[in-house]
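The structure appears below as structure tokens.
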Amino acid sequence: MSGTKTKILLTGASGYIGGSLLRALLSSPHAATCSIDALVRSKEHADAVKAFGLGVEPFHSDLADVDDIARVVSEYDVVIHCASAQHLRGAKAIVAGLARRVQQGKQALLIHTSGTSTLADRAAGEYLSEEIYPDTDNIYAVEKKDASYNIRAVDTFIVEAAKESGIKAFIVVPPTIYGVGAGPINRTSHQVPTLIRAALHSRKVQYVGKGASAWTHIHISDLTDLYLLLLDKALKGEATDGEHGYYFAETGERTWKQLAESLAKAMHALKLVDSDQATPFPSLKAAGDALTMGSEEFANIAFGSNSRARAVRSRKLGWKPRHSNEHFFESLPLEIEEVLKEDPAHGKGGLDLSTVC
């Protein structure tokens, strides 16, 4: 790819991961050696990304428009896909576009964003699993055992289709992500902010079952660092792809009860909940109603399961995260403040935490 700038397409640039990664890309050495374009799903999002002043001219298309996505993708050396981990049709369109490049004798790289919910059991908070997955394990084989779950279906399709077509495919697998995002629209993640919003509504912090199950976590800036490193190594041919091209990101682990207890203390200090003690939801149905629009299954996966990942391959690649396990808990007041800014029911002006004793 020497002689001309490497063309990179980032999907999901208006989202939490994609928006943060867009800013990181444009602040990195890649900005001098690559041309970076952003794909979002609507004109409104395109306008917001443009107005954010990052110097990128975004364009919009729907992942369901297979022909359009494939046509656009075929013009790029690298696609970093942050728009959806579960949209199989969109993944097929991206692979189709990159496969055209391979047929033309051009190099084609895909960095796809998955998530460690692919490792989740259905513990409903009742126990701490002893099953721990390093990314040096054959995660593709783990997913292939039961690819009926959407996120697994997408991952395994990408691995298999990339092998067949000659695309170099890499899969980044984040766990719970925390920290305020750096993008133009969505600046919060999902799991922790959802628990905060539910607590604001009920004035109590709750957890699923016994809260005994555990997930790992990662700060958004450490995650974008991994993307940048992987991009650099992939362009140099120094990163493993395909079945063994899974890259986890984590800097620590907590049980759901530990998270709830820390949230309860932080929110009670701000007089946002009535008690500094966290309590269990009365049932999985109640958790589903409060957290996941009535889905008990999703509440179990996202807030009651075990998903214990270890980023061994990522660290061997040279990834050096900057945040500690303790930082996850220390950052909770900032997570609360960001949710308050976004929540009309509690004002958009934010909260001056420096005034709180």
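Each chain in the structure tokens gets a letter, A, B, ..., in the order shown, and its residues are numbered from 1; ligands are numbered from 1 in order too.
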
Counting only C-alpha atoms, which residues in segment 230-333 of chain A sit no more than 12 Å from segment 29-48 of chain A? For each one, give the nearest pair of atoms and the distance in Å, sorted by chain then residue number, as a tab-separated table.
residue	atom	partner	partner_atom	distance
A:Leu230	CA	A:His30	CA	11.9
A:Leu231	CA	A:His30	CA	9.0
A:Asp232	CA	A:His30	CA	8.2
A:Lys233	CA	A:His30	CA	11.9
A:Leu235	CA	A:His30	CA	10.8

List the neighbours of Ser307 of chain A out to 8 Å using only C-alpha atoms; skip same-chain residues closer than 5 positions along the sequence, and give me the result as number ranges by chain. A: 116-117, 119-121, 132, 175, 214-216

Just N, CA and C atoms for this one: save the residues we selected as a PDB file, in the first residue's frame.
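This is the output file result_28.pdb:
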ATOM      1  N   THR A 116     -17.918  -9.274  24.241  1.00  0.00           N
ATOM      2  CA  THR A 116     -17.751 -10.478  25.042  1.00  0.00           C
ATOM      3  C   THR A 116     -19.066 -11.079  25.525  1.00  0.00           C
ATOM      4  N   SER A 117     -20.187 -10.485  25.148  1.00  0.00           N
ATOM      5  CA  SER A 117     -21.457 -11.195  25.395  1.00  0.00           C
ATOM      6  C   SER A 117     -21.475 -12.507  24.618  1.00  0.00           C
ATOM      7  N   LEU A 119     -19.378 -14.684  24.917  1.00  0.00           N
ATOM      8  CA  LEU A 119     -18.886 -15.680  25.866  1.00  0.00           C
ATOM      9  C   LEU A 119     -19.860 -15.917  27.009  1.00  0.00           C
ATOM     10  N   ALA A 120     -20.937 -15.140  27.059  1.00  0.00           N
ATOM     11  CA  ALA A 120     -21.810 -15.112  28.236  1.00  0.00           C
ATOM     12  C   ALA A 120     -22.558 -16.417  28.441  1.00  0.00           C
ATOM     13  N   ASP A 121     -22.670 -16.801  29.720  1.00  0.00           N
ATOM     14  CA  ASP A 121     -23.526 -17.929  30.087  1.00  0.00           C
ATOM     15  C   ASP A 121     -24.912 -17.392  30.443  1.00  0.00           C
ATOM     16  N   ILE A 132     -12.809 -19.142  32.221  1.00  0.00           N
ATOM     17  CA  ILE A 132     -12.127 -17.912  31.821  1.00  0.00           C
ATOM     18  C   ILE A 132     -11.561 -18.112  30.421  1.00  0.00           C
ATOM     19  N   PRO A 175     -15.438  -5.929  26.335  1.00  0.00           N
ATOM     20  CA  PRO A 175     -16.389  -6.306  27.384  1.00  0.00           C
ATOM     21  C   PRO A 175     -17.254  -5.106  27.741  1.00  0.00           C
ATOM     22  N   ALA A 214     -19.642 -12.448  37.000  1.00  0.00           N
ATOM     23  CA  ALA A 214     -18.611 -11.425  36.752  1.00  0.00           C
ATOM     24  C   ALA A 214     -18.411 -11.159  35.271  1.00  0.00           C
ATOM     25  N   TRP A 215     -18.108  -9.897  34.972  1.00  0.00           N
ATOM     26  CA  TRP A 215     -17.692  -9.453  33.644  1.00  0.00           C
ATOM     27  C   TRP A 215     -16.383  -8.683  33.790  1.00  0.00           C
ATOM     28  N   THR A 216     -15.636  -8.624  32.697  1.00  0.00           N
ATOM     29  CA  THR A 216     -14.482  -7.744  32.629  1.00  0.00           C
ATOM     30  C   THR A 216     -14.901  -6.388  32.081  1.00  0.00           C
TER      31      THR A 216
END

Surrounding residues of Gly12 of chain A excluding itself and chain neighbours under 5 positions, 6 Å, only C-alpha atoms, as a PyMOL selection string: chain A and resi 18+40+82-83

Could those residues be written to a file, using C-alpha atoms, as a CSV table (one decimal), in the first residue's frame?
chain,number,residue,atom,x,y,z
A,18,GLY,CA,-17.0,4.6,16.4
A,40,VAL,CA,-23.2,6.8,9.5
A,82,CYS,CA,-18.1,-0.4,14.6
A,83,ALA,CA,-21.8,0.1,13.4

Hey, what does DSSP flag as alpha helix (DSSP H) within segment 122-200 of chain A? Can you give it to me as a ChimeraX atom specification? /A:139-144,150-165,191-200

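Closest to Val339 of chain A among A:Ile196, A:Val208, A:Ile301, A:Val159 is A:Ile196, based on only C-alpha atoms.
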